[in-house]
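Down below is the structure, laid out as structure tokens.
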Amino acid sequence: MKKLINTAESVVEDALNGMAAAHPSLRVRDRVVYRAEGPRPGKVGVVSGGGSGHEPLHAGFVGYGMLDAACPGEIFTSPVPDQIVEATQAVDGGAGVLHIVKNYTGDVLNFEMAAELVEDVEVASVLVDDDVAVQDSLYTAGRRGTGATLFVEKIAGALAEEDAPLAEVAAVAREVDERSRSFGVALTSCTTPAAGKPMFDLPETDVELGIGIHGEPGRARVPMRPARELAVLAMEAIHADLPLRDDLLVMVNGMGGTPLMELYVVYAEVAAFARGKGARVTRSLVGNYVTSLDMQGFSVSVCRLDERLTRLWDAAVETPALRWGR
Amino acid sequence: MKKLINTAESVVEDALNGMAAAHPSLRVRDRVVYRAEGPRPGKVGVVSGGGSGHEPLHAGFVGYGMLDAACPGEIFTSPVPDQIVEATQAVDGGAGVLHIVKNYTGDVLNFEMAAELVEDVEVASVLVDDDVAVQDSLYTAGRRGTGATLFVEKIAGALAEEDAPLAEVAAVAREVDERSRSFGVALTSCTTPAAGKPMFDLPETDVELGIGIHGEPGRARVPMRPARELAVLAMEAIHADLPLRDDLLVMVNGMGGTPLMELYVVYAEVAAFARGKGARVTRSLVGNYVTSLDMQGFSVSVCRLDERLTRLWDAAVETPALRWGR
Amino acid sequence: MNASLCVAWFEEAARLVHRDRDRLTRLDAEIGDGDHGTNLDRGLTEVRKALAESPPGSPAEVLTLAGTTLIRRVGGASGPLYGSVFRQMGKTLQSPVTLAAFSAAFEEGVVAVERLGKAALGDKTMVDALAPASRALALAVRDGVGVREAIEQAARAAAEGAEATIPMRARKGRASYLGERSVGHMDPGAASSALFMEALATVVREAA
Amino acid sequence: MNASLCVAWFEEAARLVHRDRDRLTRLDAEIGDGDHGTNLDRGLTEVRKALAESPPGSPAEVLTLAGTTLIRRVGGASGPLYGSVFRQMGKTLQSPVTLAAFSAAFEEGVVAVERLGKAALGDKTMVDALAPASRALALAVRDGVGVREAIEQAARAAAEGAEATIPMRARKGRASYLGERSVGHMDPGAASSALFMEALATVVREAA
Ligand SMILES: Nc1ncnc2c1ncn2[C@@H]1O[C@H](COP(=O)(O)OP(=O)(O)O)[C@@H](O)[C@H]1O
Ligand SMILES: Nc1ncnc2c1ncn2[C@@H]1O[C@H](COP(=O)(O)OP(=O)(O)O)[C@@H](O)[C@H]1O
Ligand SMILES: [Mg+2]
Ligand SMILES: [Mg+2]
Ligand SMILES: [Mg+2]
Ligand SMILES: [Mg+2]
């Protein structure tokens, strides 16, 4: 394993220092990334967080029209309650704070504990659980939160920017989650700095279907096949759970080690699949947004838009990793 | 080798189809990527191009405030004169067209031939040659064009948007090139779809210093070391050639397979180095912009800004891969 | 049990977890996300530091400080879960700390985890090591077994419980995402729970 | 030499380059960017297609069409360079196509590459195979050597020229970026030039 790090122990800290240096619009303090300008009175604060290793998620989405603060944990490890409490109290502008939490046991527990500890701030929580590779049943921890987290953060952030009340911001976040589904495919494993070797061995001939964003193996291993077929497998899984129709927001997301060129190859197939089902892809995103360290592979996330969600998606956003309209 | 492609032969075509589908602001025709809205009368057209495999360069920089057209060749192969002639004639708004050419024999020859073939359009050419790893001497093809290509395209594009005449747009492009330097480090080789295996073998213990963006081996192979030391090696090479002072634009660029987190780790060290030399990093960019397929590694590009260049850098840009101000 | 024995427990646990860090991480890489060893190692290092900085006067205070530190420093699932075990133990431990008092508090700790994690025996989690350990302690108290022997039995039960997770199909935590593919691997949290009990057995044996 | 022999030349060259595509690409990966084999293979496939679609009436027209097609379809450095060789040959080839006329046109082609690429003998490029081949042809003409033997000598000179690039340090093209590290590898363009001459020798031999 070769990585551009100083030490495995310091990588999260070092990367945060880099972020702070690169983006004057951010302020990093005690392992929390804030908008430099601080909370705006009357605006609901939007806070998210989770393990590091998914960059630009979440810290890259701190800024106008999206998050007020992000709490990065150690690599693949959810943040601790203290960080979340700090962030929540710091971004409250008097209108309460929304926690956007990816549905993993660790994230859920730490955000819950934080919500209990927060003082004098109204907190609402939304769980993101968009990954159709996991059955939501009594026999699992429920569906994982993956790519749709970006959709939830963008759209909830846009509504918060309009000074909507906490209940409404939480409701739109929940609505986006309900209307979104994702599915991921890995060509290679990822390597955490601490482990120093790949999480799993994936031979040259095979791919993992239905992976998460923490280097967990997927639901099944199948022989490698052309991009077109992998894209169809992912889209079939999504379509089976959420029939694709009307207006769609589609993200083809790289897992961190996949070149943009390949993501565009996948996007062409994904868009063709959606068209084939009679749906319209009216908004799209192609790139590395919700990653898994150096993993090669992709995930597709789909959100069924309506007019209001489209408007909120289009609203101005100004963050290190997502920016338009200003 | 596992890649998200359909066939090695169709990868450039398939990716362009994906780009066209994903970005309504682009129009792709006969292997040229244009702004959908076409040329604006009175504006100098800005055209670039080169081998594919460096995405988002160049096609991802087509749009308001940057390129009018990009000509992608096959993987690592410069485009043919026909494409460049087509693009040049299509984007001319009557004020002439600037060719931004990375200094490689193939790019130079094909752009030169195209410039000769173009009819009724005034063409100016600017060579980008920013890579300090190559000695500019009688014994080489001259310095390679790498990361600074982005700086040249952005700043020349901004000036063209202000309806400056061709000579001025060409002059500012040349000025940016003269004020810019780059240096790259590879942790791994890259694999072209056609070759199907890594261009060179790089053991777990070593890195290549002074690499280009086509998977060429570098000038030297040295033992792997912490990010801090690699960043210092790159910055020393740049500083030796162009003393760092006053205001700097700094890009820490990933080679395609490097996670964003690691680039931020490098950025922190690069910024510290510049500060140590008494320079001010007033503008920065961290991400995968000028890549080499799936290669892991980074390059640093530095441009010594003045007030005018800063203003042009800050001017609105709206492309798939670089966007601010609108 | 006095405060210093309780401190020794966490020191020994920290030593064992540090020694087995890579094994725990590897177990977690197989069916989770490969951070359990580093998570607990980091957390127990912080616990040692906290205990050294302001040495608590009673076992209950040791447990509370350890639990709080784990919650504040680990993150992930195991931080809140282990943190809750020890905080709950600290909260409920009666003085003087007889075996019976310890056993009762331990059971409270296990119940806290079961509640927080909504996990039951057989879900392939740390509960599968902790609950058998608690049961062994309770049986030892009932049968009047000596402290040292009782703790040995609890440690054995935890180790066996961890082994027993291998054929299980996970129903909680990340491993549950794998469905059938989680079968055939030991749960990393169960493995670390067995280390906690082994550490306790060691310090009790050495104190005797 | 008539038009069909000239067409046969490009067909045989296309066959050899296709057969050796991976070798050429590997040579280019060692000191360049690993696309020379696919570049030329693609280009010569297009040349065959163009020649089949509108069969030219004279060797000069074959050469011009081949050169133009290479320029229009290959890209990279080798597209314009090889394209210029053949275009220049087509432009200057005198009728009837005697060995002397062919030799003169070939020399014009080589000069065109040297000028376009600003490359001289010893720079570790295709010139190091093409120039010796041209010299061998000229000497054969001077000495009144038969066509078949003359072309064999030119092919041998090209092959030896390609071999001779191995110890050279590159001064042109991508390989020049490597400095000292370019030593010890055959230049891919010189290797493909040797294939072009081998193809010519084969079709001339078979035509005899
Ligand atoms: N819901 C749960 N109830 C009880 N224990 C759980 C639960 N979820 C996970 N665990 C335990 O936590 C362990 C994983 O801890 P760790 O790897 O540190 O956290 P994470 O899963 O967040 O990466 C699992 O092996 C399991 O024993
Ligand atoms: N300036 C030059 N003059 C003559 N031949 C050159 C020159 N530059 C490159 N070449 C030849 O071109 C070959 C490389 O061709 P190719 O790989 O197809 O193009 P590229 O270098 O653009 O990838 C080299 O091996 C060399 O023989
Ligand atoms: Mg974790
Ligand atoms: Mg090339
Ligand atoms: Mg884990
Ligand atoms: Mg080449």
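Following the order of the structure tokens, first chain is A, next is B, and so on, with residues numbered from 1 inside each chain and ligands from 1 in the order they appear.
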
Inset, instruction - Check which residues fall inside 8 Å of ligand 2 when counting only C-alpha atoms and all ligand atoms, and print them as JSON, numbers by chain. - result: {"B": [76, 77, 78, 104, 105, 106, 107, 141], "D": [25, 28, 32, 33, 34, 35, 36, 37, 39, 40, 74, 75, 76, 77, 78, 79, 81, 113, 114, 116, 117, 118, 119, 120, 124, 125, 126, 127, 172, 173, 174, 175, 187, 188, 189, 190, 191]}

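Residue-level DSSP output for range 222-259 of chain A, from the backbone, shows strand (DSSP E or B) at Val222, Pro223, Asp247, Leu248, Leu249, Val250, Met251, Val252, Asn253, Gly254 and Gly256 of chain A.
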
Atoms to include: all heavy atoms. Write the selected residues as an mmCIF file, in the first residue's frame.
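What landed in again20.cif:
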```cif
data_model
loop_
_atom_site.group_PDB
_atom_site.id
_atom_site.type_symbol
_atom_site.label_atom_id
_atom_site.label_comp_id
_atom_site.auth_asym_id
_atom_site.auth_seq_id
_atom_site.Cartn_x
_atom_site.Cartn_y
_atom_site.Cartn_z
ATOM 1 N N VAL A 222 -19.660 -11.615 -8.836
ATOM 2 C CA VAL A 222 -19.976 -12.170 -10.159
ATOM 3 C C VAL A 222 -18.805 -11.880 -11.093
ATOM 4 O O VAL A 222 -17.979 -11.005 -10.808
ATOM 5 C CB VAL A 222 -21.269 -11.546 -10.747
ATOM 6 C CG1 VAL A 222 -22.466 -11.801 -9.832
ATOM 7 C CG2 VAL A 222 -21.089 -10.058 -11.001
ATOM 8 N N PRO A 223 -18.736 -12.595 -12.206
ATOM 9 C CA PRO A 223 -17.648 -12.323 -13.155
ATOM 10 C C PRO A 223 -17.744 -10.907 -13.701
ATOM 11 O O PRO A 223 -18.836 -10.371 -13.883
ATOM 12 C CB PRO A 223 -17.884 -13.345 -14.274
ATOM 13 C CG PRO A 223 -18.706 -14.424 -13.652
ATOM 14 C CD PRO A 223 -19.562 -13.745 -12.621
ATOM 15 N N ASP A 247 -39.636 12.547 -13.830
ATOM 16 C CA ASP A 247 -38.351 13.255 -13.813
ATOM 17 C C ASP A 247 -37.388 12.638 -12.802
ATOM 18 O O ASP A 247 -37.757 12.445 -11.643
ATOM 19 C CB ASP A 247 -38.563 14.731 -13.446
ATOM 20 C CG ASP A 247 -39.292 15.478 -14.551
ATOM 21 O OD1 ASP A 247 -39.568 14.860 -15.617
ATOM 22 O OD2 ASP A 247 -39.585 16.665 -14.349
ATOM 23 N N LEU A 248 -36.180 12.398 -13.244
ATOM 24 C CA LEU A 248 -35.185 11.789 -12.362
ATOM 25 C C LEU A 248 -33.958 12.678 -12.218
ATOM 26 O O LEU A 248 -33.515 13.319 -13.169
ATOM 27 C CB LEU A 248 -34.715 10.443 -12.911
ATOM 28 C CG LEU A 248 -35.756 9.368 -13.202
ATOM 29 C CD1 LEU A 248 -35.056 8.111 -13.735
ATOM 30 C CD2 LEU A 248 -36.567 9.040 -11.954
ATOM 31 N N LEU A 249 -33.438 12.663 -10.994
ATOM 32 C CA LEU A 249 -32.085 13.145 -10.743
ATOM 33 C C LEU A 249 -31.217 11.896 -10.647
ATOM 34 O O LEU A 249 -31.539 10.991 -9.874
ATOM 35 C CB LEU A 249 -32.071 13.914 -9.420
ATOM 36 C CG LEU A 249 -30.729 14.118 -8.720
ATOM 37 C CD1 LEU A 249 -29.770 14.917 -9.598
ATOM 38 C CD2 LEU A 249 -30.950 14.835 -7.377
ATOM 39 N N VAL A 250 -30.171 11.830 -11.443
ATOM 40 C CA VAL A 250 -29.329 10.633 -11.475
ATOM 41 C C VAL A 250 -27.885 11.014 -11.183
ATOM 42 O O VAL A 250 -27.348 11.948 -11.783
ATOM 43 C CB VAL A 250 -29.403 9.944 -12.852
ATOM 44 C CG1 VAL A 250 -28.347 8.846 -12.956
ATOM 45 C CG2 VAL A 250 -30.791 9.363 -13.091
ATOM 46 N N MET A 251 -27.283 10.295 -10.270
ATOM 47 C CA MET A 251 -25.854 10.489 -10.024
ATOM 48 C C MET A 251 -25.104 9.202 -10.341
ATOM 49 O O MET A 251 -25.452 8.138 -9.842
ATOM 50 C CB MET A 251 -25.597 10.871 -8.571
ATOM 51 C CG MET A 251 -24.095 10.944 -8.240
ATOM 52 S SD MET A 251 -23.724 11.671 -6.631
ATOM 53 C CE MET A 251 -24.288 10.383 -5.523
ATOM 54 N N VAL A 252 -24.089 9.306 -11.192
ATOM 55 C CA VAL A 252 -23.132 8.211 -11.338
ATOM 56 C C VAL A 252 -21.893 8.645 -10.573
ATOM 57 O O VAL A 252 -21.228 9.616 -10.929
ATOM 58 C CB VAL A 252 -22.817 7.909 -12.809
ATOM 59 C CG1 VAL A 252 -21.626 6.956 -12.910
ATOM 60 C CG2 VAL A 252 -24.031 7.279 -13.485
ATOM 61 N N ASN A 253 -21.647 7.919 -9.520
ATOM 62 C CA ASN A 253 -20.657 8.311 -8.528
ATOM 63 C C ASN A 253 -19.469 7.369 -8.560
ATOM 64 O O ASN A 253 -19.646 6.151 -8.581
ATOM 65 C CB ASN A 253 -21.342 8.255 -7.149
ATOM 66 C CG ASN A 253 -20.374 8.422 -6.008
ATOM 67 O OD1 ASN A 253 -19.719 9.453 -5.901
ATOM 68 N ND2 ASN A 253 -20.260 7.406 -5.166
ATOM 69 N N GLY A 254 -18.280 7.916 -8.559
ATOM 70 C CA GLY A 254 -17.086 7.082 -8.498
ATOM 71 C C GLY A 254 -16.723 6.765 -7.055
ATOM 72 O O GLY A 254 -16.959 7.560 -6.158
ATOM 73 N N GLY A 256 -13.804 6.534 -5.805
ATOM 74 C CA GLY A 256 -12.572 7.192 -5.351
ATOM 75 C C GLY A 256 -11.382 6.918 -6.253
ATOM 76 O O GLY A 256 -10.559 7.784 -6.481
#
```

May I have chain D as a CSV table (one decimal) with C-alpha atoms, in the first residue's frame, after a least-squares superposition on chain C that uses all C-alpha atoms paired in order?
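The resulting result.csv:
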```csv
chain,number,residue,atom,x,y,z
D,1,MET,CA,-12.5,-5.5,44.0
D,2,ASN,CA,-10.9,-2.2,44.6
D,3,ALA,CA,-10.2,0.8,42.4
D,4,SER,CA,-6.7,-0.2,41.5
D,5,LEU,CA,-7.7,-3.7,40.5
D,6,CYS,CA,-10.3,-2.1,38.3
D,7,VAL,CA,-7.7,0.2,36.8
D,8,ALA,CA,-5.5,-2.8,36.3
D,9,TRP,CA,-8.3,-4.4,34.4
D,10,PHE,CA,-8.5,-1.6,31.8
D,11,GLU,CA,-4.7,-1.5,31.6
D,12,GLU,CA,-4.6,-5.2,30.8
D,13,ALA,CA,-7.5,-4.9,28.4
D,14,ALA,CA,-5.6,-2.0,26.7
D,15,ARG,CA,-2.5,-4.2,26.4
D,16,LEU,CA,-4.4,-7.2,25.0
D,17,VAL,CA,-6.4,-5.1,22.5
D,18,HIS,CA,-3.2,-3.3,21.4
D,19,ARG,CA,-1.5,-6.7,20.9
D,20,ASP,CA,-4.5,-8.1,19.0
D,21,ARG,CA,-5.3,-4.9,17.2
D,22,ASP,CA,-4.5,-6.2,13.7
D,23,ARG,CA,-6.4,-9.4,14.3
D,24,LEU,CA,-9.5,-7.5,15.4
D,25,THR,CA,-9.2,-5.2,12.4
D,26,ARG,CA,-8.8,-8.2,10.1
D,27,LEU,CA,-11.9,-9.8,11.6
D,28,ASP,CA,-13.8,-6.5,11.0
D,29,ALA,CA,-12.4,-6.3,7.4
D,30,GLU,CA,-13.9,-9.7,6.7
D,31,ILE,CA,-17.5,-8.8,7.6
D,32,GLY,CA,-17.4,-5.1,8.5
D,33,ASP,CA,-15.3,-2.1,7.7
D,34,GLY,CA,-11.9,-2.9,9.1
D,35,ASP,CA,-11.6,-0.4,11.9
D,36,HIS,CA,-12.6,-2.3,15.1
D,37,GLY,CA,-9.0,-2.9,16.2
D,38,THR,CA,-7.9,0.7,15.7
D,39,ASN,CA,-11.1,2.0,17.2
D,40,LEU,CA,-10.7,0.1,20.5
D,41,ASP,CA,-7.0,0.5,20.6
D,42,ARG,CA,-7.4,4.3,20.3
D,43,GLY,CA,-10.2,4.2,22.9
D,44,LEU,CA,-8.4,2.2,25.5
D,45,THR,CA,-5.3,4.3,25.1
D,46,GLU,CA,-7.4,7.3,26.0
D,47,VAL,CA,-9.0,5.4,28.8
D,48,ARG,CA,-5.5,4.6,30.3
D,49,LYS,CA,-4.6,8.3,29.9
D,50,ALA,CA,-7.8,9.4,31.6
D,51,LEU,CA,-7.4,7.0,34.5
D,52,ALA,CA,-3.8,8.1,35.0
D,53,GLU,CA,-4.6,11.8,34.9
D,54,SER,CA,-7.3,11.7,37.5
D,55,PRO,CA,-7.2,8.3,39.3
D,56,PRO,CA,-10.7,7.6,40.5
D,57,GLY,CA,-11.3,6.5,44.1
D,58,SER,CA,-13.7,3.6,43.6
D,59,PRO,CA,-14.3,0.9,41.1
D,60,ALA,CA,-17.6,2.5,40.2
D,61,GLU,CA,-15.8,5.7,39.3
D,62,VAL,CA,-13.2,3.8,37.2
D,63,LEU,CA,-16.0,2.2,35.3
D,64,THR,CA,-17.8,5.4,34.7
D,65,LEU,CA,-14.7,7.3,33.6
D,66,ALA,CA,-13.8,4.4,31.3
D,67,GLY,CA,-17.3,4.3,29.8
D,68,THR,CA,-17.5,8.0,29.3
D,69,THR,CA,-14.0,8.1,27.7
D,70,LEU,CA,-14.9,5.3,25.3
D,71,ILE,CA,-18.1,7.2,24.3
D,72,ARG,CA,-16.1,10.4,23.8
D,73,ARG,CA,-13.2,9.0,22.0
D,74,VAL,CA,-14.0,6.0,19.9
D,75,GLY,CA,-16.9,6.7,17.7
D,76,GLY,CA,-18.3,4.0,15.4
D,77,ALA,CA,-20.7,1.4,16.9
D,78,SER,CA,-18.4,0.0,19.5
D,79,GLY,CA,-17.7,3.4,21.2
D,80,PRO,CA,-21.2,4.0,22.3
D,81,LEU,CA,-21.9,0.3,22.9
D,82,TYR,CA,-18.8,-0.5,25.1
D,83,GLY,CA,-19.1,2.9,26.6
D,84,SER,CA,-22.6,2.1,27.7
D,85,VAL,CA,-21.6,-1.2,29.2
D,86,PHE,CA,-19.1,0.4,31.5
D,87,ARG,CA,-21.1,3.5,32.2
D,88,GLN,CA,-24.1,1.4,33.2
D,89,MET,CA,-21.8,-0.8,35.3
D,90,GLY,CA,-20.4,2.2,37.1
D,91,LYS,CA,-23.9,3.6,37.7
D,92,THR,CA,-25.2,0.4,39.2
D,93,LEU,CA,-22.2,-1.1,41.0
D,94,GLN,CA,-22.9,-1.5,44.7
D,95,SER,CA,-20.3,-1.1,47.5
D,96,PRO,CA,-18.6,-3.1,48.8
D,97,VAL,CA,-17.8,-4.7,45.4
D,98,THR,CA,-18.4,-8.4,46.1
D,99,LEU,CA,-18.6,-10.9,43.3
D,100,ALA,CA,-22.4,-10.7,43.6
D,101,ALA,CA,-22.3,-6.9,43.3
D,102,PHE,CA,-20.0,-7.1,40.3
D,103,SER,CA,-22.1,-9.8,38.7
D,104,ALA,CA,-25.2,-7.7,39.1
D,105,ALA,CA,-23.6,-4.6,37.6
D,106,PHE,CA,-22.2,-6.6,34.8
D,107,GLU,CA,-25.6,-7.9,33.9
D,108,GLU,CA,-26.9,-4.3,34.0
D,109,GLY,CA,-24.1,-3.4,31.5
D,110,VAL,CA,-25.0,-6.2,29.2
D,111,VAL,CA,-28.7,-5.3,29.3
D,112,ALA,CA,-27.8,-1.7,28.4
D,113,VAL,CA,-26.0,-2.9,25.3
D,114,GLU,CA,-28.8,-5.1,24.3
D,115,ARG,CA,-31.2,-2.2,24.6
D,116,LEU,CA,-29.0,0.3,22.9
D,117,GLY,CA,-28.1,-2.0,20.1
D,118,LYS,CA,-31.4,-3.7,20.0
D,119,ALA,CA,-29.4,-6.9,19.8
D,120,ALA,CA,-30.2,-10.3,21.2
D,121,LEU,CA,-28.2,-13.5,21.7
D,122,GLY,CA,-27.5,-15.0,18.3
D,123,ASP,CA,-27.4,-11.8,16.3
D,124,LYS,CA,-23.6,-12.2,16.0
D,125,THR,CA,-22.5,-9.2,18.0
D,126,MET,CA,-20.5,-8.5,21.2
D,127,VAL,CA,-23.7,-9.6,23.1
D,128,ASP,CA,-22.9,-13.2,22.1
D,129,ALA,CA,-19.7,-13.0,24.2
D,130,LEU,CA,-20.9,-10.6,26.9
D,131,ALA,CA,-24.2,-12.3,27.8
D,132,PRO,CA,-22.7,-15.8,28.3
D,133,ALA,CA,-20.0,-14.2,30.5
D,134,SER,CA,-22.7,-12.5,32.6
D,135,ARG,CA,-24.6,-15.8,32.9
D,136,ALA,CA,-21.4,-17.6,34.0
D,137,LEU,CA,-20.9,-15.0,36.7
D,138,ALA,CA,-24.4,-15.3,37.9
D,139,LEU,CA,-24.2,-19.0,38.1
D,140,ALA,CA,-20.9,-18.8,40.0
D,141,VAL,CA,-22.5,-16.5,42.5
D,142,ARG,CA,-25.4,-18.8,42.9
D,143,ASP,CA,-23.1,-21.8,43.4
D,144,GLY,CA,-20.7,-20.0,45.8
D,145,VAL,CA,-17.7,-20.3,43.4
D,146,GLY,CA,-14.6,-18.4,44.4
D,147,VAL,CA,-13.9,-15.0,42.8
D,148,ARG,CA,-10.9,-16.2,40.8
D,149,GLU,CA,-12.6,-19.3,39.5
D,150,ALA,CA,-15.8,-17.3,38.8
D,151,ILE,CA,-14.0,-14.8,36.6
D,152,GLU,CA,-12.1,-17.6,34.8
D,153,GLN,CA,-15.4,-19.2,34.0
D,154,ALA,CA,-16.8,-15.9,32.7
D,155,ALA,CA,-13.7,-15.5,30.6
D,156,ARG,CA,-14.1,-19.0,29.2
D,157,ALA,CA,-17.8,-18.4,28.5
D,158,ALA,CA,-16.9,-15.1,26.6
D,159,ALA,CA,-14.3,-16.9,24.6
D,160,GLU,CA,-16.7,-19.7,23.7
D,161,GLY,CA,-19.4,-17.2,23.0
D,162,ALA,CA,-17.0,-15.4,20.5
D,163,GLU,CA,-16.2,-18.8,18.9
D,164,ALA,CA,-19.9,-19.5,18.6
D,165,THR,CA,-20.5,-16.4,16.5
D,166,ILE,CA,-18.5,-18.0,13.6
D,167,PRO,CA,-21.3,-20.0,12.2
D,168,MET,CA,-23.9,-17.3,12.9
D,169,ARG,CA,-25.6,-15.2,10.3
D,170,ALA,CA,-25.4,-11.5,11.4
D,171,ARG,CA,-28.6,-9.7,12.1
D,172,LYS,CA,-27.1,-6.5,13.6
D,173,GLY,CA,-24.4,-4.0,12.7
D,174,ARG,CA,-22.5,-3.9,9.4
D,175,ALA,CA,-22.1,-7.6,9.1
D,176,SER,CA,-25.8,-7.9,8.7
D,177,TYR,CA,-25.5,-6.3,5.2
D,178,LEU,CA,-23.6,-9.4,4.1
D,179,GLY,CA,-26.5,-11.8,4.8
D,180,GLU,CA,-25.3,-15.4,4.2
D,181,ARG,CA,-21.8,-14.2,3.5
D,182,SER,CA,-21.4,-13.2,7.2
D,183,VAL,CA,-21.4,-16.9,8.1
D,184,GLY,CA,-18.0,-18.4,8.8
D,185,HIS,CA,-16.3,-15.4,10.4
D,186,MET,CA,-16.0,-14.5,14.1
D,187,ASP,CA,-17.7,-11.2,15.1
D,188,PRO,CA,-14.9,-8.7,15.9
D,189,GLY,CA,-16.9,-7.1,18.8
D,190,ALA,CA,-17.4,-10.6,20.3
D,191,ALA,CA,-13.7,-11.2,19.9
D,192,SER,CA,-12.8,-8.0,21.7
D,193,SER,CA,-15.4,-8.7,24.5
D,194,ALA,CA,-13.6,-12.0,25.0
D,195,LEU,CA,-10.4,-10.0,25.4
D,196,PHE,CA,-12.0,-7.8,28.0
D,197,MET,CA,-12.9,-10.9,30.1
D,198,GLU,CA,-9.5,-12.4,29.5
D,199,ALA,CA,-8.0,-9.2,30.9
D,200,LEU,CA,-10.2,-9.4,33.9
D,201,ALA,CA,-9.2,-13.0,34.6
D,202,THR,CA,-5.5,-12.1,34.3
D,203,VAL,CA,-5.6,-9.2,36.7
D,204,VAL,CA,-7.7,-11.2,39.2
D,205,ARG,CA,-5.4,-14.2,39.0
D,206,GLU,CA,-2.3,-11.9,39.5
D,207,ALA,CA,-3.9,-10.1,42.4
D,208,ALA,CA,-4.6,-13.3,44.2
```

Inset, instruction - Skip Leu67 in chain A itself and residues of its chain fewer than 5 positions away, then list as a PyMOL selection string all residues within 7 Å of it, counting only C-alpha atoms. - result: chain A and resi 46-47+61-62+153+157

Legend entry - DSSP-assigned alpha helix (DSSP H) among chain D, expressed as a VMD selection string: chain D and resid 3 to 19 21 to 31 36 to 53 59 to 73 78 to 92 99 to 117 127 to 143 147 to 164 188 to 207

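In this comparison, which uses only C-alpha atoms, the residue of B:Ala316, B:Leu233, B:Val286, B:Met199 approaching chain D most closely is B:Met199.
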
Legend entry - Residue hits in chain A, query chain B, radius 7 Å, only C-alpha atoms, as a PyMOL selection string: chain A and resi 1-2+4-6+14-15+17-19+21-22+53+55-56+187+204+226-228+256-262+264-268+284+293-294+323-326

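Counting only C-alpha atoms, Ala114 in chain B has the following residues at most 12 Å away, ignoring those fewer than 6 positions along the same chain: Val47, Cys71, Pro79, Val80, Pro81, Asp82, Gln83, Ile84, Val85, Glu86, Ala87, Thr88, Gln89, His99, Val101, Asp107, Val108, Val121, Val123, Ala124 and Ser125 of chain B; Ile71, Arg72, Gly75 and Pro80 of chain D.
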
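Excluding range 165-168 of chain A itself and any same-chain residue fewer than 5 positions from it, the protein and nucleic acid residues within 8 Å of it, counting only C-alpha atoms, are Lys43, Val44, Ala95, Gly96, Val97, Leu98, Ala124 and Ala160 of chain A.
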
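For the choices B:Ser180, B:Ser25, B:Ser137, B:Thr192, the atom-to-atom distance to ligand 4 is smallest for B:Thr192 when using only C-alpha atoms and all ligand atoms.
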
Inset, instruction - Tell me, in Å to one decimal, how far CA of Glu122 in chain A is from CA of Gly42 in chain A. - result: 12.7 Å
